[in-house]
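A.B. asks: My questions all concern the structure below.
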Protein chains: 6
Amino acid sequence: MEIASEELDRIISGALDEDRGIGDLTTECTVAADLVAAGDLLAKEDLVLAGWQVLVRTFQRVCSQVAVETLFVEGEWIPRGKVIGMVRGPAAKILTGERVALNFLQRLSGIATLTRKYVDAVADTGVIVLDTRKTTPGLRILEKYAVRAGGGRNHRFGLYDGVLIKENHIIAAGGIQEAARRARQGVDHLKRIEIEVTSLAEFGQAMDAGAEVILLDNMTVEQVNEAVRRAAHSRVLLEVSGGIQLSNIRDYAQTGVHFISVGALTHSPKAVDISLELHL
Amino acid sequence: MEIASEELDRIISGALDEDRGIGDLTTECTVAADLVAAGDLLAKEDLVLAGWQVLVRTFQRVCSQVAVETLFVEGEWIPRGKVIGMVRGPAAKILTGERVALNFLQRLSGIATLTRKYVDAVADTGVIVLDTRKTTPGLRILEKYAVRAGGGRNHRFGLYDGVLIKENHIIAAGGIQEAARRARQGVDHLKRIEIEVTSLAEFGQAMDAGAEVILLDNMTVEQVNEAVRRAAHSRVLLEVSGGIQLSNIRDYAQTGVHFISVGALTHSPKAVDISLELHL
Amino acid sequence: MEIASEELDRIISGALDEDRGIGDLTTECTVAADLVAAGDLLAKEDLVLAGWQVLVRTFQRVCSQVAVETLFVEGEWIPRGKVIGMVRGPAAKILTGERVALNFLQRLSGIATLTRKYVDAVADTGVIVLDTRKTTPGLRILEKYAVRAGGGRNHRFGLYDGVLIKENHIIAAGGIQEAARRARQGVDHLKRIEIEVTSLAEFGQAMDAGAEVILLDNMTVEQVNEAVRRAAHSRVLLEVSGGIQLSNIRDYAQTGVHFISVGALTHSPKAVDISLELHL
Amino acid sequence: MEIASEELDRIISGALDEDRGIGDLTTECTVAADLVAAGDLLAKEDLVLAGWQVLVRTFQRVCSQVAVETLFVEGEWIPRGKVIGMVRGPAAKILTGERVALNFLQRLSGIATLTRKYVDAVADTGVIVLDTRKTTPGLRILEKYAVRAGGGRNHRFGLYDGVLIKENHIIAAGGIQEAARRARQGVDHLKRIEIEVTSLAEFGQAMDAGAEVILLDNMTVEQVNEAVRRAAHSRVLLEVSGGIQLSNIRDYAQTGVHFISVGALTHSPKAVDISLELHL
Amino acid sequence: MEIASEELDRIISGALDEDRGIGDLTTECTVAADLVAAGDLLAKEDLVLAGWQVLVRTFQRVCSQVAVETLFVEGEWIPRGKVIGMVRGPAAKILTGERVALNFLQRLSGIATLTRKYVDAVADTGVIVLDTRKTTPGLRILEKYAVRAGGGRNHRFGLYDGVLIKENHIIAAGGIQEAARRARQGVDHLKRIEIEVTSLAEFGQAMDAGAEVILLDNMTVEQVNEAVRRAAHSRVLLEVSGGIQLSNIRDYAQTGVHFISVGALTHSPKAVDISLELHL
Amino acid sequence: MEIASEELDRIISGALDEDRGIGDLTTECTVAADLVAAGDLLAKEDLVLAGWQVLVRTFQRVCSQVAVETLFVEGEWIPRGKVIGMVRGPAAKILTGERVALNFLQRLSGIATLTRKYVDAVADTGVIVLDTRKTTPGLRILEKYAVRAGGGRNHRFGLYDGVLIKENHIIAAGGIQEAARRARQGVDHLKRIEIEVTSLAEFGQAMDAGAEVILLDNMTVEQVNEAVRRAAHSRVLLEVSGGIQLSNIRDYAQTGVHFISVGALTHSPKAVDISLELHL
C-alpha cells in the first residue's frame, strides 16, 4: 500500500508543529539565513533503511530548497559507518528540520531492521511474518509501511477492514459457533472470517464453524503441529501469535503454518542510531 | 505540566479514528449492543504506571457509559500479576476501545518504567534525569508526561521554548563566542543560553562566552570530572548527554553534574505487557 | 455498522455551517428568542423511514433545548398523511434547523424507500440486494446506512476495505489470471478476491483463477443462468450488476445468484416529501 | 459565482478520503505503477455537461500527472454516445480516481440536465427558473453551480445572505405586518424583504407590509394570475413555488411572474450515465 | 445577529491555544491545584460593556468550575471604579485564562465605547451609525457584535452577503450605468444594489442607474445636502462615509441622510482598561 | 523570529474566508474576468511599514497571477503621499483581495509606527522597548512581528515559553519566596525566573529569592531609580511596566533599567491610512 501523500504531509506537518511551535529560537538567532551547508546522514549501527521519503518530505516542508539524496533503496541493509545519504541547502532550515526528520527515520528504520531479523529467522520455511495493531497511535500507516520495507506483510489495518473474532468476542457471543454465525451474517461478502483459538478443542470448533482463517494464540509448538495436521485437507489458513520471539519463531515456522504475527515489530522496536553531520 | 484536555482528546480521537475507521466490523456483528461486561487490566510484567487517564478518556470517548477505576496512582510501581484496574460497561464498546487504550497505556508505562530504572540508578547523587526531543512524532506531550511519572524531569519541549546551541549551530555561526553572542542578542530576556560542547577546550570557550548552561556531549567520566572542577566557582549549570546507559549513568552522576539527559527514555522504550481480561 | 457519533456530528455541523453561515437573518429578526413552539413532521407521501437520528442531532446541535420524538422505528413503512414525529422547543431554533434536518431526512428516507422496493421485488428468492460506491460525495456512511434501513445490505465501503478486480484492472494487468494472482499476492489474508466479468468466457477464466466472488456485469438472464449452473459445485459466490431495474430484478433473482447490486439506490433516489408544520 | 478553489479542493479531498481511505487495495496490487493508459469518458445518455472542472481537479489531486481534456463547455448539450472528454496518465491513478470523479460529474450533470428541461419549458416567457435550499448537505455550492450551468439562476445561498419570511415565521411573529416590520428593523439596508404567502388575502397583507418580493406558494394558476394583476403597478417582484413540475411550469410562467423556484432541481435529480473506458 | 456558539468556541479556543501552548509554566508551578480564589473585574476607566459572554466562555473553556457573574448587561455604561463582575473558582485556572479573557473584553468594550460616542453624537437626528469591513482579521463577527452593543448597526458582513459597487468596480466596468446593469443581472433578487459615488455628477448617474442605496463618499456637508435634496422624492437610501470623526458626524447627520458608516469604530478603537484583582 | 509560512497562510486563509465566504458578489458580477489592472498602494499618512509580505501572500492566495512589488523594506519610514508599492493582475482578483490585504497592512504598520515612536523616545538610553501579551486574539505572531519591525523587541510569546511570577501568583503561593522556590523547582533549567513587584519592599524580597529578572510594575521614577541603585552589583535584569506613555517613557529609560514593556503597542494602535488606487 502506498502512503497517500496528503496523509503523509499531515503527519509530518503535525510533527513539525509539535517541535517548532512559533519558531526555532536557537537557529534563527545563530545561523545566517543565507548560509548554505551540506550534511551527511551517517549510519551509526547496522540497519535496514525505511522512511527515507518521510525524511525527504520533512526537510522539504521546512524549506523547498533543501535537497536530499541517497543511493540506497528502502529495505536495503546498510552497515554501520556508511553514509546513508546527503542533504544540502540553507543551513538554518536543515538544522530546524533535523530532529523531526531523524525521529521519523530512526524509528521506521528500527522497525524495518527488527522485522528483517524475524523474516531472516524463518527463511525458506515459506512462512509470512505479519504485524499487528499494536502500533504507535497516529503512526500506523508509517509503521506498517516499515514492516513491509523490512520484508514482513501486513495484517488488517484496523477494526474496519478485516474480521478477527477474538477470545473476548467469543465470550460475549456465547461461543465460537454463534460468533462465527453472526459475523458471516453481518459482514460483507468480500471479507473472510478469522477466529482466534487458544486450545485444540477451540480449534476444532472453529473448523466446524467454517472459519476461513484460524489464529492459534499462545499455543505450544506441539499444539500447532497438531492443528496443522488436522487442517491439512481443508482450505483454512493458519496463523500463529503470542509469545513469539527471535529465539522461537523458527520452531513455529517449521510446523507448516502460513502466517506468524509479531506484536513486538511495532510496539517495542529500538530506534536505530543515525546522525547528521553538517559541513559548510 | 498538565496535559490540556483538548489536546489529549485530539490525540485520542486521532488514534481511535485510525483504528476504527468506519466501524468495528467484528464487534458490531458478534456482540449484542446491550450486553454489559466487566474486565480486569492485568500487569503481565513489573511496571511503573503512566497514562491511566489516557486509557480512561479513550474508553470514554468510545462510550460515556464505560466506567474505569484503579487504586494505583501514576508513577506507582506495580508488580507482575497484579490487577491494575477494572473496566465495566457495554461489552461491545470495551472491545472496540481496548487496543487503542492499551497501546497508549503500554507505551507510556513503558517509558515510565524505563525512566524509573535510570532515576533509581542515580539515587542519592542529586542528579536529575532529563528526557530529550527524541520522542515519537505526535506524542511528545504524552511521552514527556510519562518521563515525569517515572521520576525524570523534562528538558525543553521543542525548538520554540528553550535555547540550546549545538555543534552544528557553532559550525554555522563560526565559533562558540559568536554563536553565544548572537543568541543573547536575539533571544528574549527570560531564556538562559545552553551550549553543547564535546571537549574541554570547547568547554572553556563556552564558559568564556557566558553560557548559563553547558551540555557536555559524549565526554568521558574523566573529562566531565574536570569540567565540574573548573565550573566549581561559577553559577553555570552542567548537563551530560550521549552514550548514557543504565550501566554507566551512575559513574557520570557521581561527577557532580546537575543533569543527565537520556534519549533512550523515549526513542527506544519497551512497551510493558498489559492485558484486558473480559468477563460477563 | 453503527455511524460513529463524532463522524455524524462532523457531517451535520458542516451542513449547518453551509446553510446558516453567520446566522439566520430572517428568524433572528422576526421570531422572539423566548417563544416556544411545537411542530409536526408530516409524511406527504408513503415512505420508509431512515435518518431520524440525523434529524434529531441536527436540531440538537442548533439548540440542546429542542426535543424531538417519534413512535416509528428506522426502516418502518409510513403511509402518506401520518405524523412521523414531533419537535418542540424554542421556535427560532426549530426554524433555523428545519431545512437542514429535512434535507437529511428526505434524502435518507428516499434511499430507504427505493431500497425497500427492490428488496420487496426479490422477496422469497433468497437474493440479497446490495448497494455500490455510486454514492453522494461526503455522505457515503449515511447513504449506506439508509440502504440497510431499507432492507438492503452493503457492498464494500470504499477502495480500502475490499478487493474488486474490474474490467479496467484486468486490461491493465494483462488478463484475469494475472490480475487475480497479483491481488492474492498483495492483499492481506482476511480479504476475498472478487472479479468482474462480462461474458461466460471471462467467467470461466475467473473460476480458473480462483475467484472467491464473481461479479456478473451487464449479462443477460440466460447468461447468468448458465453461470449459476457452472458454479453449482464450487464455493464461489455470484453477484449480478448492471442495468438492474425494478422491472427486471426478479428475473435475475430467480437465477439463483447470491447478490444483486444496484447503483440507482444511491445515485438517483427521489427525496420523499416531508414537511414541518409549526404551531404555537 | 465562482467556486473558490480552496473550497472545491476541500470537498474533493473529503470525497477522495471517503473512498480511498488507506489506499486502493485492488489497483495497487494489480496495476503496475509505471503503466500509462488513456481513457474516454462516454455519454451513455443525453446530458447537459456540468462539473467538468470538478472531475479534472479530482484526477489531479490523485496524481498531478493525469491530464484531462474536453472540447465541450459547461452547460453544453451532449447527445448519447458522444465522447465527452479524454483522460491520460498513470493507469493506476486513473482507476483510483475514477469513481469519485464520475460520482461528481454524473450528479452535477444530472442537475444541469434537469434544470435545462425546466428552463426550456418556460422559453420565451421571460421567467427565470430558480433553485432552492433543498440541496445535498455539503454540496450546495456545487449544486447551485450546476443549476447555473443548466440555465437556471440561484435563490439565496443560505439563511445568512437573504431574507425570506415564511409561513412559520409569520405564525411566530403574529402576522405578516409584524414580521415584515421586525425584518426591516433588524436587517441591514442592502437586503430586500421577501414574504411567502399562500392565499390572495395574505398576498394583500404582504403588499401592504411593503414586501419587495412576494413568494406565491402552492397557489393555483388562477390565483397567481390575480396576484400578477394586483401587483401590476407596483415594483414588487413575484416568485412562484410549490408543486411545480415540467408539466405545469409553463402555465405558471405565462401568468407574468418573474421567478419560479423548483426544489426538485437539486433534491431529486437523476444522475446521468457516464462511463470511463480505459485503453492501453 | 447572534454569534453561533460553535464559532465563538472556535475563536476562543484558538486564542487560548495561542497563549497557553503546552501549558502555563508559571501558574502550574506556583499555584496549588486545589486552591480556590475569587476575583473582581474592575473598570479602570468609563466604558460601555461588550463581550461579557466571551469572557465567561473563555474562563469556562479553561475550566468548567470557574463561575463568572455580573449585574450589568451588554451595552450598559459603566463608570470608572466600578466592579464589573466577579469570577470564582480554582485560582490556577483563573490565572491561566485571565489575559485572554481580558484581551477579548477590553477590545470589544473598547469598540462599544467608541461606537456609543458616535451614536450619542447623532442623537435625535434619526441617523443610523454603521460599521464597515475594516475589522480585525478573524474577529469580524465579534467586532460587529460590539458595534451593535454600542448602539450602532452593521453594514454587510462580507463580500458575499451584500452588493456595494465601489469606485474601482465602476472603473473596471466602464461606468456606473454598466456596473449597475451587470450587478442587477448577476445578483439574486433578494439583494439591493448600493453604489458608491464621490461627486454630485456621479450621484446623478447612480440615481439614473436605479441604485437602491447610494454611498456618498468623502463629500462635503454641502454636497450631501444637495444629494439629499435631489433624492427627496425617490425611495433611494443615502449613506455617508469617509473622513467621519466625532467632531463632524453631527453636521453630516443633520443633512437628512439615513446612514453614516465609520471605519474607525473597528480599525482603531482604544482598548478600555479593565483589571482582575484576585483574593483568596 | 520568522513567521512560519504555513501559520501565515492559515491566518490569511481564515481572513479571506471570513470576508469572501461563498464569493465576492459585486466584483464577480461587475468586473470582467479577463480584465487586467494595476494599482498603487498609497500612504495617506506617515507610517513605518510592517506586514508587506502578509499583503503579498493575501493577494497571491486570492490569485497566483497577482504580482505585488515595493522598493521599501519592512521597518522603513514612509512619508505621507508616497506610493508604497504596486499591484498588478486580474482586476477582479485585486478587488476581491483588497480589503483583507489592507486590513492586515494598516494594522501591522500601525503597530510598527507606534512602536517606532516609543523606540525613538528612548534613543541613546540603551533601553529596549518590549511588547506584552495584550495582543489581538489570533494575531499574536503577526503583531509581535510588527513590534520588531518598529524597532522593539518581544517579551515572551505566551504562557508556555517564559516564567513571569505576577502579583496574583504571589498571593496564591503565599509570598515571593515561596513562589520563586516553586518555580525554580518546577521549571526546566533553560528558563530564567522573572518576578513582578510593585514596591521596593517586594523588590528586596525578589532579590533575596534569587529572581533573575524583576519587573517593576506601576512604580514611580523615583522608586525605579532606587531599585536600579540596589541592583547595581547583581546580575539581575530590570524591566519596567505599567502606565508607560510617550510622555513619560524617557524619564523611566533614564533610570538605567534594561527593558520597558508597553501594552499599548498592541492593544490600542491606530491603523494607518493606506489606500489602493486602481487604474486600467
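Every chain in the C-alpha cells takes a letter, A first, then B, and so on in the order presented; its residues are numbered from 1, and the ligands are numbered from 1 following the presented order.
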Residues of chain D within 10 Å of chain F, counting only C-alpha atoms - could you list those as a list in words?
C.D. replies: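 Taken together, these residues fit the definition: Met1, Glu2, Ile3, Ala4, Ser5, Glu6, Glu7, Ile141 and Phe157 of chain D.
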A.B. asks: Create the file for the chosen residues now, containing C-alpha atoms and written as a short mmCIF file (atom, residue, chain, number, x, y, z; two decimals), in the first residue's frame.
C.D. replies:
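Listed below is the output, selection_18.cif:
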```cif
data_model
loop_
_atom_site.label_atom_id
_atom_site.label_comp_id
_atom_site.auth_asym_id
_atom_site.auth_seq_id
_atom_site.Cartn_x
_atom_site.Cartn_y
_atom_site.Cartn_z
CA MET D 1 -20.45 32.96 -8.57
CA GLU D 2 -17.15 31.26 -8.98
CA ILE D 3 -16.40 28.33 -6.74
CA ALA D 4 -13.35 29.20 -4.64
CA SER D 5 -10.62 26.73 -5.50
CA GLU D 6 -9.79 26.08 -1.86
CA GLU D 7 -13.39 25.20 -1.09
CA ILE D 141 -22.08 25.41 -3.82
CA PHE D 157 -27.29 30.55 -0.77
#
```
A.B. asks: Please identify all polymer residues within 8 Å of stretch 114-118 of chain A, counting only C-alpha atoms, omitting same-chain residues fewer than 2 positions from it, and present them as a ChimeraX atom specification.
C.D. replies: /A:48,110-112,120-122,129,147,150-152,246,249,265,269
A.B. asks: Go ahead and dump the residues you just picked, N, CA and C atoms, as a PDB file, in the first residue's frame.
C.D. replies:
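The new file again-v4.pdb reads:
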```
ATOM      1  N   VAL A  48      18.368  -1.600   8.498  1.00  0.00           N
ATOM      2  CA  VAL A  48      17.597  -1.731   7.260  1.00  0.00           C
ATOM      3  C   VAL A  48      16.844  -0.426   7.068  1.00  0.00           C
ATOM      4  N   GLY A 110      14.231   1.427  12.483  1.00  0.00           N
ATOM      5  CA  GLY A 110      14.279   0.498  13.613  1.00  0.00           C
ATOM      6  C   GLY A 110      13.266  -0.624  13.447  1.00  0.00           C
ATOM      7  N   ILE A 111      12.085  -0.283  13.002  1.00  0.00           N
ATOM      8  CA  ILE A 111      11.055  -1.304  12.765  1.00  0.00           C
ATOM      9  C   ILE A 111      11.467  -2.234  11.626  1.00  0.00           C
ATOM     10  N   ALA A 112      11.979  -1.647  10.547  1.00  0.00           N
ATOM     11  CA  ALA A 112      12.376  -2.469   9.398  1.00  0.00           C
ATOM     12  C   ALA A 112      13.535  -3.396   9.768  1.00  0.00           C
ATOM     13  N   ASP A 120      14.339 -13.107   8.420  1.00  0.00           N
ATOM     14  CA  ASP A 120      15.509 -13.956   8.164  1.00  0.00           C
ATOM     15  C   ASP A 120      15.433 -15.250   8.986  1.00  0.00           C
ATOM     16  N   ALA A 121      14.877 -15.124  10.188  1.00  0.00           N
ATOM     17  CA  ALA A 121      14.815 -16.295  11.074  1.00  0.00           C
ATOM     18  C   ALA A 121      13.897 -17.387  10.521  1.00  0.00           C
ATOM     19  N   VAL A 122      12.969 -17.038   9.653  1.00  0.00           N
ATOM     20  CA  VAL A 122      12.070 -18.048   9.096  1.00  0.00           C
ATOM     21  C   VAL A 122      12.381 -18.331   7.627  1.00  0.00           C
ATOM     22  N   VAL A 129       5.772 -13.356   7.802  1.00  0.00           N
ATOM     23  CA  VAL A 129       5.769 -12.635   9.075  1.00  0.00           C
ATOM     24  C   VAL A 129       4.820 -11.443   8.960  1.00  0.00           C
ATOM     25  N   VAL A 147       7.233  -2.162   8.262  1.00  0.00           N
ATOM     26  CA  VAL A 147       7.215  -3.632   8.331  1.00  0.00           C
ATOM     27  C   VAL A 147       7.367  -4.224   6.925  1.00  0.00           C
ATOM     28  N   GLY A 150      10.802  -3.985   5.708  1.00  0.00           N
ATOM     29  CA  GLY A 150      11.671  -4.966   6.333  1.00  0.00           C
ATOM     30  C   GLY A 150      11.447  -6.387   5.839  1.00  0.00           C
ATOM     31  N   GLY A 151      10.436  -6.569   4.998  1.00  0.00           N
ATOM     32  CA  GLY A 151      10.194  -7.896   4.433  1.00  0.00           C
ATOM     33  C   GLY A 151       8.994  -8.614   5.029  1.00  0.00           C
ATOM     34  N   GLY A 152       8.307  -7.973   5.968  1.00  0.00           N
ATOM     35  CA  GLY A 152       7.091  -8.556   6.516  1.00  0.00           C
ATOM     36  C   GLY A 152       5.884  -8.181   5.670  1.00  0.00           C
ATOM     37  N   LEU A 246      12.539 -13.934  18.615  1.00  0.00           N
ATOM     38  CA  LEU A 246      13.520 -14.381  17.625  1.00  0.00           C
ATOM     39  C   LEU A 246      14.014 -15.794  17.950  1.00  0.00           C
ATOM     40  N   ILE A 249      10.775 -18.325  16.883  1.00  0.00           N
ATOM     41  CA  ILE A 249       9.906 -18.185  15.709  1.00  0.00           C
ATOM     42  C   ILE A 249      10.153 -19.304  14.685  1.00  0.00           C
ATOM     43  N   LEU A 265       7.237  -6.146  16.649  1.00  0.00           N
ATOM     44  CA  LEU A 265       7.761  -5.399  15.495  1.00  0.00           C
ATOM     45  C   LEU A 265       7.472  -3.916  15.630  1.00  0.00           C
ATOM     46  N   PRO A 269      10.208  -1.601  19.042  1.00  0.00           N
ATOM     47  CA  PRO A 269      11.446  -1.581  18.270  1.00  0.00           C
ATOM     48  C   PRO A 269      12.444  -0.635  18.921  1.00  0.00           C
TER      49      PRO A 269
END
```
A.B. asks: Please identify all polymer residues within 12 Å of F:Ile171, counting only C-alpha atoms, omitting same-chain residues fewer than 3 positions from it, and present them as JSON, numbers by chain.
C.D. replies: {"E": [27, 30, 31, 32, 35, 36, 37, 38, 39, 91, 92, 95, 277, 278, 279, 280], "F": [165, 166, 167, 168, 174, 175, 176, 177, 178, 179, 196, 197]}
A.B. asks: For E:Gln223, work out the shell of residues within 8 Å, counting only C-alpha atoms and skipping chain neighbours fewer than 4 positions away, then give it as a PyMOL selection string.
C.D. replies: chain E and resi 199-200+219+227
A.B. asks: Using the chain letters and numbers from this document, which residues of stretch 51-267 of chain B does DSSP assign to alpha helix (DSSP H), as number ranges by chain?
C.D. replies: B: 52-62, 91-121, 140-149, 167-173, 176-186, 200-208, 221-230, 249-253, 264-267
A.B. asks: DSSP on the backbone, then: every residue of stretch 9-249 of chain D marked strand (DSSP E), written as a ChimeraX atom specification.
C.D. replies: /D:36-43,47-48,67-70,77-78,83-90,128-130,163-165,193-197,213-217,237-241
A.B. asks: In Å, how far is it from atom CA of B:Thr255 to atom CA of B:Asn154?
C.D. replies: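 Separating atom CA of B:Thr255 from atom CA of B:Asn154 is a distance of 21.1 Å.
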A.B. asks: Pick the closest to B:Pro137 from A:Ser268, A:Gln53, A:Thr125, A:Thr58: which is it, counting only C-alpha atoms?
C.D. replies: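 Of A:Ser268, A:Gln53, A:Thr125, A:Thr58, the one nearest B:Pro137, counting only C-alpha atoms, is A:Thr58.
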A.B. asks: So, with only C-alpha atoms as the atoms that count, which of B:Asp131, B:Asp188, B:Glu222, B:Glu143 lies closest to B:Phe259?
C.D. replies: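 The shortest atom-to-atom distance to B:Phe259 comes from B:Asp131.
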